[in-house]
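Next comes target_26.cif, a file with mmCIF, C-alpha atoms.
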```cif
data_upload
#
loop_
_atom_site.label_atom_id
_atom_site.label_comp_id
_atom_site.auth_asym_id
_atom_site.auth_seq_id
_atom_site.Cartn_x
_atom_site.Cartn_y
_atom_site.Cartn_z
CA MET A 1 -21.01 5.11 -10.24
CA SER A 2 -19.40 7.12 -13.01
CA SER A 3 -20.54 7.25 -16.58
CA CYS A 4 -19.17 5.39 -19.60
CA LYS A 5 -17.45 8.66 -20.54
CA ASP A 6 -15.49 8.50 -17.26
CA HIS A 7 -14.46 4.94 -18.04
CA ILE A 8 -13.22 5.92 -21.50
CA VAL A 9 -11.32 8.89 -20.06
CA LEU A 10 -9.63 6.60 -17.54
CA MET A 11 -8.65 4.07 -20.21
CA ILE A 12 -7.16 6.81 -22.38
CA SER A 13 -5.32 8.30 -19.42
CA MET A 14 -3.90 4.88 -18.51
CA PHE A 15 -2.59 4.47 -22.05
CA ILE A 16 -1.08 7.95 -22.08
CA MET A 17 0.48 7.62 -18.63
CA PHE A 18 2.16 4.29 -19.38
CA SER A 19 3.39 5.65 -22.72
CA MET A 20 5.05 8.69 -21.16
CA VAL A 21 7.46 6.91 -18.87
CA LYS A 22 10.32 6.49 -21.33
CA GLY A 23 13.48 8.41 -20.53
CA GLN A 24 14.60 9.93 -17.26
CA PRO A 25 12.55 9.25 -14.10
CA GLN A 26 10.71 12.26 -12.68
CA VAL A 27 12.45 11.65 -9.33
CA PRO A 28 15.91 10.17 -8.70
CA CYS A 29 14.64 7.59 -6.22
CA TYR A 30 11.49 6.01 -4.81
CA PHE A 31 11.09 4.61 -1.30
CA ILE A 32 8.11 2.40 -0.49
CA PHE A 33 6.63 1.76 2.95
CA GLY A 34 3.60 -0.40 3.52
CA ASP A 35 1.94 -3.76 3.94
CA SER A 36 1.11 -6.63 1.57
CA ILE A 37 -0.34 -4.22 -1.00
CA VAL A 38 3.26 -3.26 -1.85
CA ASP A 39 5.36 -6.12 -0.39
CA ASN A 40 7.62 -7.47 -3.15
CA GLY A 41 9.49 -10.14 -1.26
CA ASN A 42 10.46 -8.83 2.17
CA ASN A 43 8.33 -11.48 3.90
CA ASN A 44 9.72 -14.38 1.86
CA ASN A 45 12.31 -15.42 4.41
CA LEU A 46 10.44 -14.41 7.56
CA ILE A 47 8.85 -16.99 9.86
CA THR A 48 5.26 -16.16 8.97
CA THR A 49 2.29 -17.56 7.11
CA ALA A 50 1.77 -14.11 5.57
CA LYS A 51 3.93 -14.65 2.51
CA ALA A 52 3.17 -15.05 -1.17
CA ASN A 53 6.21 -16.75 -2.67
CA TYR A 54 4.23 -19.70 -4.00
CA PHE A 55 1.95 -20.51 -6.92
CA PRO A 56 -0.48 -19.07 -7.98
CA TYR A 57 0.91 -15.75 -6.72
CA GLY A 58 3.13 -14.33 -9.44
CA ILE A 59 1.59 -16.48 -12.17
CA ASP A 60 1.73 -13.47 -14.54
CA PHE A 61 4.95 -11.98 -13.20
CA PRO A 62 8.04 -12.29 -15.44
CA ASN A 63 10.14 -13.85 -12.68
CA GLY A 64 7.42 -16.27 -11.60
CA PRO A 65 5.82 -17.23 -8.30
CA GLN A 66 8.85 -16.84 -6.03
CA ASN A 67 8.81 -13.02 -6.17
CA GLY A 68 6.65 -12.60 -3.05
CA ARG A 69 3.99 -10.21 -4.37
CA PHE A 70 0.46 -10.77 -3.06
CA THR A 71 -1.09 -10.74 -6.53
CA ASN A 72 -0.90 -12.52 -9.87
CA GLY A 73 1.57 -10.04 -11.37
CA ARG A 74 2.76 -6.56 -10.53
CA ASN A 75 1.56 -4.67 -7.47
CA LYS A 76 0.64 -1.03 -6.98
CA ALA A 77 4.19 0.07 -6.16
CA ASP A 78 5.50 -1.55 -9.35
CA PHE A 79 3.08 0.49 -11.45
CA ILE A 80 3.77 3.73 -9.59
CA ALA A 81 7.50 3.17 -10.16
CA GLU A 82 6.75 2.76 -13.87
CA LEU A 83 4.56 5.85 -13.95
CA VAL A 84 7.26 8.06 -12.45
CA GLY A 85 9.70 6.77 -15.04
CA PHE A 86 11.66 3.85 -13.62
CA ASN A 87 12.28 1.07 -16.12
CA SER A 88 12.23 -1.70 -13.50
CA SER A 89 10.74 -2.39 -10.09
CA ILE A 90 12.26 -1.02 -6.91
CA PRO A 91 14.20 -3.78 -5.05
CA PRO A 92 12.98 -5.15 -1.71
CA TYR A 93 15.01 -4.18 1.34
CA ALA A 94 15.68 -7.88 1.99
CA THR A 95 17.79 -8.21 -1.17
CA ALA A 96 18.74 -4.63 -2.15
CA LYS A 97 22.48 -4.39 -2.74
CA GLY A 98 25.17 -1.93 -3.73
CA ASN A 99 24.36 1.13 -5.81
CA THR A 100 20.83 -0.13 -6.56
CA ILE A 101 19.70 1.48 -3.31
CA LEU A 102 20.40 4.91 -4.82
CA ARG A 103 17.23 4.54 -6.90
CA GLY A 104 15.13 3.45 -3.95
CA VAL A 105 14.11 0.56 -1.72
CA ASN A 106 10.82 -1.22 -1.02
CA TYR A 107 10.31 -1.87 2.72
CA GLY A 108 6.75 -3.26 2.42
CA SER A 109 5.78 -6.25 4.55
CA GLY A 110 2.65 -8.39 4.59
CA VAL A 111 0.34 -7.95 7.64
CA ALA A 112 2.47 -5.05 8.89
CA GLY A 113 0.79 -2.15 10.59
CA ILE A 114 1.20 1.22 12.23
CA ARG A 115 1.06 -0.51 15.62
CA ASP A 116 3.88 -2.93 16.45
CA GLU A 117 1.61 -5.75 17.64
CA THR A 118 -0.54 -5.70 14.51
CA GLY A 119 -0.38 -8.97 12.58
CA TYR A 120 1.59 -10.93 15.21
CA ARG A 121 -0.97 -13.75 14.99
CA TRP A 122 0.52 -14.81 11.64
CA GLY A 123 4.17 -14.65 12.67
CA ASP A 124 6.92 -12.17 11.95
CA ARG A 125 6.31 -8.98 9.97
CA ILE A 126 8.08 -5.65 9.55
CA SER A 127 5.98 -2.97 11.22
CA MET A 128 6.07 0.69 10.20
CA ASN A 129 8.46 1.41 13.07
CA ARG A 130 10.80 -1.35 11.90
CA GLN A 131 10.55 -0.14 8.30
CA LEU A 132 11.67 3.29 9.46
CA LEU A 133 14.64 1.68 11.21
CA ASN A 134 15.47 -0.15 7.99
CA HIS A 135 15.30 3.15 6.14
CA GLN A 136 17.84 4.62 8.55
CA VAL A 137 20.17 1.75 7.63
CA THR A 138 19.59 2.52 3.95
CA ILE A 139 20.45 6.19 4.53
CA LEU A 140 23.73 5.18 6.16
CA ARG A 141 24.47 2.91 3.20
CA ILE A 142 23.68 5.72 0.74
CA ASN A 143 25.96 8.07 2.61
CA SER A 144 28.75 5.50 2.51
CA ILE A 145 28.35 5.39 -1.29
CA LEU A 146 28.12 9.16 -1.84
CA ARG A 147 30.59 9.98 0.97
CA ASN A 148 28.89 13.32 1.47
CA ILE A 149 26.09 13.96 3.97
CA THR A 150 24.96 17.07 2.06
CA ALA A 151 24.65 15.09 -1.17
CA THR A 152 22.81 12.33 0.66
CA ARG A 153 20.37 14.79 2.18
CA SER A 154 19.83 16.51 -1.17
CA LEU A 155 19.07 13.18 -2.82
CA LEU A 156 16.59 12.15 -0.13
CA ASN A 157 14.80 15.51 -0.41
CA LYS A 158 14.10 14.85 -4.10
CA CYS A 159 12.82 11.27 -3.83
CA LEU A 160 9.23 10.07 -3.93
CA TYR A 161 7.96 8.23 -0.85
CA THR A 162 4.71 6.27 -0.68
CA VAL A 163 3.16 4.88 2.49
CA ASP A 164 0.39 2.24 2.52
CA MET A 165 -0.30 1.51 6.18
CA GLY A 166 -3.31 1.08 8.44
CA ASN A 167 -5.25 -1.71 6.75
CA ASN A 168 -3.94 -4.39 9.08
CA ASP A 169 -4.42 -2.27 12.17
CA TYR A 170 -8.09 -2.99 11.55
CA LEU A 171 -8.08 -6.37 9.76
CA ASN A 172 -5.39 -7.93 11.92
CA ASN A 173 -5.87 -6.03 15.16
CA TYR A 174 -9.02 -4.07 16.01
CA LEU A 175 -11.40 -6.44 14.17
CA ASP A 176 -9.85 -9.59 15.65
CA PRO A 177 -10.55 -9.48 19.42
CA ARG A 178 -9.60 -13.14 19.87
CA PHE A 179 -5.95 -12.16 19.47
CA TYR A 180 -5.85 -8.39 20.04
CA PRO A 181 -7.47 -6.51 22.96
CA SER A 182 -7.61 -3.10 21.24
CA SER A 183 -11.38 -3.24 20.62
CA LEU A 184 -11.91 -4.01 24.31
CA PHE A 185 -9.90 -0.96 25.37
CA TYR A 186 -10.95 1.62 22.78
CA THR A 187 -14.12 2.78 21.08
CA PRO A 188 -13.85 2.98 17.27
CA ASP A 189 -13.40 6.74 17.46
CA ARG A 190 -10.75 6.55 20.17
CA PHE A 191 -8.85 3.82 18.33
CA ALA A 192 -8.85 5.91 15.15
CA THR A 193 -7.54 8.90 17.11
CA ILE A 194 -4.71 6.92 18.70
CA LEU A 195 -3.84 5.22 15.42
CA VAL A 196 -3.61 8.51 13.52
CA GLN A 197 -1.52 10.04 16.32
CA GLN A 198 0.94 7.15 16.07
CA PHE A 199 0.96 7.39 12.29
CA GLU A 200 1.58 11.14 12.34
CA GLU A 201 4.56 10.66 14.60
CA GLN A 202 5.97 8.05 12.19
CA LEU A 203 5.47 10.40 9.25
CA ARG A 204 7.24 13.15 11.20
CA ARG A 205 10.18 10.80 11.67
CA LEU A 206 10.20 10.06 7.95
CA HIS A 207 10.34 13.81 7.29
CA SER A 208 13.21 14.15 9.76
CA TYR A 209 15.12 11.58 7.69
CA GLY A 210 14.85 13.81 4.63
CA ALA A 211 11.52 12.87 3.03
CA ARG A 212 9.74 15.82 1.44
CA LYS A 213 7.48 14.31 -1.23
CA VAL A 214 5.28 11.78 0.53
CA ALA A 215 2.11 10.17 -0.84
CA VAL A 216 0.10 8.52 1.95
CA SER A 217 -2.72 6.14 1.05
CA ASN A 218 -5.66 6.28 3.38
CA ILE A 219 -7.59 3.09 4.15
CA GLY A 220 -9.98 1.80 1.50
CA LEU A 221 -13.36 0.14 1.93
CA LEU A 222 -12.22 -2.83 4.00
CA GLY A 223 -15.85 -3.79 4.52
CA CYS A 224 -16.12 -4.61 0.83
CA LEU A 225 -13.27 -7.14 0.82
CA PRO A 226 -14.43 -10.68 -0.03
CA GLU A 227 -13.00 -11.99 3.26
CA GLU A 228 -15.03 -9.51 5.31
CA THR A 229 -18.32 -10.02 3.44
CA ARG A 230 -17.82 -13.78 3.76
CA THR A 231 -17.20 -13.44 7.51
CA TYR A 232 -19.86 -10.90 8.47
CA GLY A 233 -22.39 -10.99 5.63
CA ARG A 234 -23.48 -8.06 3.53
CA ASN A 235 -25.56 -5.01 4.36
CA ALA A 236 -27.80 -3.42 1.74
CA SER A 237 -24.73 -1.59 0.43
CA GLY A 238 -23.21 -4.94 -0.56
CA CYS A 239 -20.47 -4.46 2.02
CA VAL A 240 -19.99 -4.64 5.80
CA ASP A 241 -21.08 -1.17 6.80
CA PHE A 242 -19.74 -1.08 10.36
CA ILE A 243 -16.20 -1.82 9.15
CA ASN A 244 -16.36 0.93 6.54
CA ASN A 245 -17.67 3.30 9.22
CA TYR A 246 -14.68 2.50 11.46
CA VAL A 247 -12.29 3.15 8.59
CA GLN A 248 -13.98 6.43 7.74
CA LEU A 249 -13.19 7.70 11.24
CA PHE A 250 -9.51 7.02 10.59
CA ASN A 251 -9.59 8.69 7.18
CA GLN A 252 -11.25 11.84 8.49
CA LYS A 253 -8.63 12.22 11.20
CA LEU A 254 -5.80 11.42 8.78
CA LYS A 255 -6.76 14.35 6.56
CA VAL A 256 -6.46 16.72 9.52
CA SER A 257 -3.11 15.14 10.37
CA ILE A 258 -1.78 15.63 6.83
CA ASP A 259 -2.80 19.29 6.98
CA ASN A 260 -0.91 19.62 10.26
CA LEU A 261 2.23 18.09 8.79
CA ASN A 262 2.16 20.34 5.74
CA THR A 263 1.62 23.41 7.90
CA ASN A 264 4.18 22.71 10.59
CA LEU A 265 7.08 20.89 8.91
CA PRO A 266 9.56 22.77 6.70
CA ASN A 267 9.16 22.12 2.96
CA ALA A 268 6.80 19.22 3.65
CA ARG A 269 4.66 17.97 0.77
CA PHE A 270 2.39 15.25 2.13
CA ILE A 271 -0.58 14.16 0.05
CA ILE A 272 -3.36 11.60 0.47
CA SER A 273 -4.23 9.05 -2.18
CA ASN A 274 -7.90 8.47 -1.40
CA GLN A 275 -8.48 4.74 -1.78
CA THR A 276 -12.22 5.05 -1.14
CA SER A 277 -12.72 7.51 -3.98
CA ILE A 278 -10.44 5.54 -6.28
CA SER A 279 -12.36 2.31 -5.65
CA THR A 280 -15.89 3.78 -5.87
CA GLY A 281 -15.56 6.39 -8.59
CA GLY A 282 -16.25 3.87 -11.32
CA PRO A 283 -14.06 0.93 -12.30
CA PRO A 284 -12.47 0.97 -15.75
CA ILE A 285 -14.08 -1.07 -18.51
CA GLY A 286 -13.07 -4.72 -18.38
CA PHE A 287 -13.80 -5.71 -14.79
CA THR A 288 -16.80 -7.98 -14.42
CA VAL A 289 -16.18 -9.71 -11.06
CA PHE A 290 -16.02 -7.35 -8.08
CA ASP A 291 -16.76 -9.46 -5.01
CA SER A 292 -15.12 -12.86 -5.49
CA PRO A 293 -11.48 -13.97 -5.59
CA CYS A 294 -9.78 -15.30 -8.69
CA CYS A 295 -7.83 -17.99 -6.83
CA ILE A 296 -8.96 -20.86 -4.63
CA ILE A 297 -8.81 -19.68 -1.02
CA SER A 298 -6.80 -21.75 1.46
CA ASN A 299 -8.06 -23.15 4.74
CA THR A 300 -4.55 -23.73 6.03
CA THR A 301 -2.31 -20.75 5.14
CA ALA A 302 -2.92 -17.21 6.39
CA LYS A 303 -6.54 -16.11 6.38
CA GLY A 304 -7.94 -15.19 2.98
CA GLN A 305 -4.86 -16.11 0.94
CA CYS A 306 -4.66 -18.41 -2.07
CA SER A 307 -4.28 -22.13 -1.53
CA ASN A 308 -0.72 -23.39 -1.90
CA ASN A 309 -1.66 -26.82 -3.24
CA GLY A 310 -1.04 -25.91 -6.88
CA GLN A 311 -4.62 -25.18 -7.90
CA THR A 312 -4.89 -23.01 -11.01
CA PRO A 313 -6.62 -19.64 -10.56
CA CYS A 314 -9.27 -18.21 -12.88
CA SER A 315 -8.15 -17.73 -16.48
CA ASN A 316 -9.87 -14.34 -16.95
CA ARG A 317 -7.75 -12.57 -14.35
CA ASN A 318 -8.04 -9.17 -16.04
CA GLN A 319 -11.77 -9.23 -15.32
CA TYR A 320 -11.38 -9.76 -11.56
CA VAL A 321 -10.81 -6.99 -9.02
CA PHE A 322 -9.54 -9.40 -6.36
CA PHE A 323 -6.93 -12.12 -6.76
CA ASP A 324 -7.45 -13.55 -3.26
CA ASN A 325 -9.85 -12.47 -0.51
CA PHE A 326 -7.80 -9.35 0.30
CA HIS A 327 -5.52 -8.33 -2.54
CA PRO A 328 -6.19 -6.80 -5.96
CA THR A 329 -5.29 -8.45 -9.22
CA GLU A 330 -2.55 -6.97 -11.38
CA ALA A 331 -5.23 -5.34 -13.53
CA ALA A 332 -6.80 -3.69 -10.48
CA ASN A 333 -3.38 -2.63 -9.19
CA ARG A 334 -2.72 -0.92 -12.51
CA ALA A 335 -6.02 0.96 -12.28
CA ILE A 336 -5.42 1.98 -8.66
CA ALA A 337 -1.88 3.17 -9.39
CA THR A 338 -3.00 5.13 -12.44
CA ARG A 339 -5.62 7.06 -10.48
CA SER A 340 -3.21 7.58 -7.59
CA TYR A 341 -0.72 9.06 -10.04
CA THR A 342 -3.24 11.11 -12.05
CA ALA A 343 -6.53 11.76 -10.28
CA LEU A 344 -9.64 11.04 -12.35
CA LEU A 345 -11.92 12.73 -9.80
CA PRO A 346 -11.12 15.69 -7.50
CA THR A 347 -11.71 13.38 -4.53
CA ASP A 348 -9.07 10.85 -5.65
CA SER A 349 -6.19 12.81 -4.09
CA TYR A 350 -5.65 15.61 -1.58
CA PRO A 351 -4.34 18.26 -2.00
CA THR A 352 -2.79 16.99 -5.25
CA ASP A 353 -2.00 13.66 -6.91
CA ILE A 354 1.35 11.90 -7.22
CA ARG A 355 1.94 13.45 -10.62
CA GLY A 356 1.58 16.90 -9.12
CA LEU A 357 3.73 15.90 -6.15
CA VAL A 358 6.74 14.74 -8.18
CA GLN A 359 6.60 17.76 -10.48
CA THR A 360 7.06 20.26 -7.64
#
```
Let me see whether you can do it: turn the structure in this file into structure tokens.
Amino acid sequence: MSSCKDHIVLMISMFIMFSMVKGQPQVPCYFIFGDSIVDNGNNNNLITTAKANYFPYGIDFPNGPQNGRFTNGRNKADFIAELVGFNSSIPPYATAKGNTILRGVNYGSGVAGIRDETGYRWGDRISMNRQLLNHQVTILRINSILRNITATRSLLNKCLYTVDMGNNDYLNNYLDPRFYPSSLFYTPDRFATILVQQFEEQLRRLHSYGARKVAVSNIGLLGCLPEETRTYGRNASGCVDFINNYVQLFNQKLKVSIDNLNTNLPNARFIISNQTSISTGGPPIGFTVFDSPCCIISNTTAKGQCSNNGQTPCSNRNQYVFFDNFHPTEAANRAIATRSYTALLPTDSYPTDIRGLVQT
């Protein structure tokens, strides 16, 4: 764990970063791909139990609990948008209209994964492949507004793109053999290899659509999630070690993949936001509860989510890392976004952080 000095440095950096975002954004647009970590309403109208448009989700969000974010307030993508200079959140693809798409679109979808079958147990979801198809539609809409393919391409080259995918390919695929056969077909190492190969191909497609500045989050310590420790019990580390070992295989291969993309694709600037380093390099002062959810967990809605029977969550939400058994609180999302934007430790990002990415 880091020292008190590190905690103070992080708090100061958070204050400075969120004070610097007045004025023009550092990029003209921001496109968001991912799962429930960044979903801001795309699942609301899908036939799925993996949605968060009910109380207590959104209890601290200005527009209330119907916004569809899997947290009590803002999510990671909201804070990254603020850090790069946008004065409001990026709209979800489900409701994005008119010229608002020129500043970006959020395609994130709860329980979505790199693999198309991931998350099917809970109902509909928008996989990474479907999100890329939605992005193609957005590009056509942008071109119809700008009426110039060169201008459209130039705009897309300058945007920031973030991708948060892979969590559910373990949580709602490989680690759930009752519904998904992947763990019967593949060893952990082979599954990680196949998953990274599929992911690299998707990232290549994103580049072919004009993306040049792409921040990819690797997979964090899934074995430390309250839902996983409740299900499997804790090792001496306090987490479920075998799950974290599986994830580490993916992350090691992803780093090689990112190097390949940067080497082989013209003008490519792919980076990794290292969720393991960000979550273990010392939490900022203020968090006191690291392994329990703030809300009452449901036995009827999707696994590990808050109950939808109107029960009030904890009052000291800023002291909790987790809002439900999977998702960070707004306070934790702010901390994660801040370190993704400006690395506190050299291991937080590779080869640079989001701040360095948008300034090149």
Distance atom CA of A:Thr152-atom CA of A:Leu206, one decimal place?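 Interatomic distance, atom CA of A:Thr152 to atom CA of A:Leu206: 14.7 Å.
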7 Å contact set for stretch 237-252 of chain A, all atoms listed in the file, chain neighbours under 5 positions out, as a PyMOL selection string: chain A and resi 188-189+192+196+218-219+221-224+228-229+232
Expanded to explicit residues, what is the PyMOL selection byres ((chain A and resi 112-116) around 12) for this file, as number ranges by chain? A: 33-39, 42-43, 48, 50-51, 107-111, 117-132, 163-174, 180, 182, 191-192, 194-203, 219
To one decimal in Å, tell me the separation between atom CA of A:Thr187 and atom CA of A:Thr231.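 Between these atoms lies a distance of 21.4 Å.
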Carefully work through the PyMOL selection byres ((chain A and resi 360) around 12) for this structure and note down the residues it includes, as a list in words. Gln26, Val27, Asn157, Lys158, Cys159, Leu160, Arg212, Lys213, Val214, Asn267, Ala268, Arg269, Phe270, Thr352, Asp353, Ile354, Arg355, Gly356, Leu357, Val358 and Gln359 of chain A
Against stretch 311-333 of chain A, which residues of stretch 184-289 of chain A fall within 7 Å? For each one I want the closest pair of atoms and the distance in Å (one decimal), counting all atoms listed in the file, rows by chain and increasing residue number, as a Markdown table.
```
| residue | atom | partner | partner_atom | distance |
| --- | --- | --- | --- | --- |
| A:Leu225 | CA | A:Phe326 | CA | 5.9 |
| A:Pro226 | CA | A:Asn325 | CA | 4.9 |
| A:Glu227 | CA | A:Asn325 | CA | 4.9 |
| A:Gly286 | CA | A:Gln319 | CA | 5.6 |
| A:Phe287 | CA | A:Gln319 | CA | 4.1 |
| A:Thr288 | CA | A:Gln319 | CA | 5.3 |
| A:Val289 | CA | A:Tyr320 | CA | 4.8 |
```
I need the chosen residues saved as a short mmCIF file (atom, residue, chain, number, x, y, z; two decimals), in the coordinates of the input, with C-alpha atoms.
```cif
data_model
loop_
_atom_site.label_atom_id
_atom_site.label_comp_id
_atom_site.auth_asym_id
_atom_site.auth_seq_id
_atom_site.Cartn_x
_atom_site.Cartn_y
_atom_site.Cartn_z
CA LEU A 225 -13.27 -7.14 0.82
CA PRO A 226 -14.43 -10.68 -0.03
CA GLU A 227 -13.00 -11.99 3.26
CA GLY A 286 -13.07 -4.72 -18.38
CA PHE A 287 -13.80 -5.71 -14.79
CA THR A 288 -16.80 -7.98 -14.42
CA VAL A 289 -16.18 -9.71 -11.06
#
```
Please provide the set of residues having any atom within 10 Å of A:Pro56, restricted to only C-alpha atoms, with same-chain residues fewer than 5 positions apart removed, written as a PDB file with C-alpha atoms, keeping the file's coordinate frame.
```pdb
ATOM      1  CA  GLY A  64       7.420 -16.270 -11.600  1.00  0.00           C
ATOM      2  CA  PRO A  65       5.820 -17.230  -8.300  1.00  0.00           C
ATOM      3  CA  GLN A  66       8.850 -16.840  -6.030  1.00  0.00           C
ATOM      4  CA  PHE A  70       0.460 -10.770  -3.060  1.00  0.00           C
ATOM      5  CA  THR A  71      -1.090 -10.740  -6.530  1.00  0.00           C
ATOM      6  CA  ASN A  72      -0.900 -12.520  -9.870  1.00  0.00           C
ATOM      7  CA  GLY A  73       1.570 -10.040 -11.370  1.00  0.00           C
ATOM      8  CA  CYS A 295      -7.830 -17.990  -6.830  1.00  0.00           C
ATOM      9  CA  ILE A 296      -8.960 -20.860  -4.630  1.00  0.00           C
ATOM     10  CA  CYS A 306      -4.660 -18.410  -2.070  1.00  0.00           C
ATOM     11  CA  SER A 307      -4.280 -22.130  -1.530  1.00  0.00           C
ATOM     12  CA  ASN A 308      -0.720 -23.390  -1.900  1.00  0.00           C
ATOM     13  CA  ASN A 309      -1.660 -26.820  -3.240  1.00  0.00           C
ATOM     14  CA  GLY A 310      -1.040 -25.910  -6.880  1.00  0.00           C
ATOM     15  CA  GLN A 311      -4.620 -25.180  -7.900  1.00  0.00           C
ATOM     16  CA  THR A 312      -4.890 -23.010 -11.010  1.00  0.00           C
ATOM     17  CA  PRO A 313      -6.620 -19.640 -10.560  1.00  0.00           C
ATOM     18  CA  PHE A 323      -6.930 -12.120  -6.760  1.00  0.00           C
TER      19      PHE A 323
END
```
Excluding A:Asn143 and any residue of its chain fewer than 6 positions from it, enumerate the residues within 10 Å of it, using all atoms listed in the file, and give them as a PyMOL selection string. chain A and resi 102+137+149-153
Among listed residues A:Ser292, A:Ser183, A:Gln305, A:Asn235, nearest A:Phe55 (using all atoms listed in the file):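 The shortest atom-to-atom distance to A:Phe55 comes from A:Gln305.
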Rounded to one decimal in Å, what is the spacing between atom CA of A:Pro346 and atom CA of A:Ala81?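 Separating atom CA of A:Pro346 from atom CA of A:Ala81 is a distance of 22.6 Å.
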Point out the residue among A:Thr162, A:Leu146, A:Gly233, A:Ala94 with the least atom-to-atom distance to A:Asn67, counting all atoms listed in the file.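 Comparing A:Thr162, A:Leu146, A:Gly233, A:Ala94 against A:Asn67, the winner is A:Ala94.
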Rebuild stretch 77-82 of chain A to all heavy atoms - output it as a PDB file, in the coordinates of the input, please.
```
ATOM      1  N   ALA A  77       2.904  -0.635  -6.183  1.00  0.00           N
ATOM      2  CA  ALA A  77       4.190   0.070  -6.160  1.00  0.00           C
ATOM      3  C   ALA A  77       4.956  -0.130  -7.463  1.00  0.00           C
ATOM      4  O   ALA A  77       5.645   0.784  -7.930  1.00  0.00           O
ATOM      5  CB  ALA A  77       5.023  -0.413  -4.973  1.00  0.00           C
ATOM      6  N   ASP A  78       4.848  -1.309  -8.058  1.00  0.00           N
ATOM      7  CA  ASP A  78       5.500  -1.550  -9.350  1.00  0.00           C
ATOM      8  C   ASP A  78       4.991  -0.592 -10.407  1.00  0.00           C
ATOM      9  O   ASP A  78       5.760  -0.033 -11.200  1.00  0.00           O
ATOM     10  CB  ASP A  78       5.240  -2.989  -9.823  1.00  0.00           C
ATOM     11  CG  ASP A  78       5.886  -4.032  -8.943  1.00  0.00           C
ATOM     12  OD1 ASP A  78       7.028  -3.801  -8.481  1.00  0.00           O
ATOM     13  OD2 ASP A  78       5.267  -5.083  -8.710  1.00  0.00           O
ATOM     14  N   PHE A  79       3.669  -0.396 -10.436  1.00  0.00           N
ATOM     15  CA  PHE A  79       3.080   0.490 -11.450  1.00  0.00           C
ATOM     16  C   PHE A  79       3.401   1.949 -11.168  1.00  0.00           C
ATOM     17  O   PHE A  79       3.634   2.719 -12.103  1.00  0.00           O
ATOM     18  CB  PHE A  79       1.570   0.260 -11.536  1.00  0.00           C
ATOM     19  CG  PHE A  79       1.197  -1.012 -12.227  1.00  0.00           C
ATOM     20  CD1 PHE A  79       0.519  -2.015 -11.560  1.00  0.00           C
ATOM     21  CD2 PHE A  79       1.525  -1.215 -13.566  1.00  0.00           C
ATOM     22  CE1 PHE A  79       0.168  -3.194 -12.199  1.00  0.00           C
ATOM     23  CE2 PHE A  79       1.188  -2.391 -14.213  1.00  0.00           C
ATOM     24  CZ  PHE A  79       0.500  -3.393 -13.531  1.00  0.00           C
ATOM     25  N   ILE A  80       3.412   2.341  -9.904  1.00  0.00           N
ATOM     26  CA  ILE A  80       3.770   3.730  -9.590  1.00  0.00           C
ATOM     27  C   ILE A  80       5.223   3.988  -9.995  1.00  0.00           C
ATOM     28  O   ILE A  80       5.541   5.044 -10.559  1.00  0.00           O
ATOM     29  CB  ILE A  80       3.537   4.035  -8.106  1.00  0.00           C
ATOM     30  CG1 ILE A  80       2.025   4.064  -7.820  1.00  0.00           C
ATOM     31  CG2 ILE A  80       4.166   5.378  -7.716  1.00  0.00           C
ATOM     32  CD1 ILE A  80       1.662   4.261  -6.369  1.00  0.00           C
ATOM     33  N   ALA A  81       6.101   3.023  -9.738  1.00  0.00           N
ATOM     34  CA  ALA A  81       7.500   3.170 -10.160  1.00  0.00           C
ATOM     35  C   ALA A  81       7.568   3.375 -11.676  1.00  0.00           C
ATOM     36  O   ALA A  81       8.328   4.224 -12.167  1.00  0.00           O
ATOM     37  CB  ALA A  81       8.301   1.932  -9.755  1.00  0.00           C
ATOM     38  N   GLU A  82       6.778   2.616 -12.411  1.00  0.00           N
ATOM     39  CA  GLU A  82       6.750   2.760 -13.870  1.00  0.00           C
ATOM     40  C   GLU A  82       6.206   4.124 -14.280  1.00  0.00           C
ATOM     41  O   GLU A  82       6.738   4.778 -15.190  1.00  0.00           O
ATOM     42  CB  GLU A  82       5.909   1.635 -14.479  1.00  0.00           C
ATOM     43  CG  GLU A  82       5.909   1.627 -16.002  1.00  0.00           C
ATOM     44  CD  GLU A  82       5.123   0.456 -16.575  1.00  0.00           C
ATOM     45  OE1 GLU A  82       4.868  -0.508 -15.842  1.00  0.00           O
ATOM     46  OE2 GLU A  82       4.754   0.535 -17.762  1.00  0.00           O
TER      47      GLU A  82
END
```
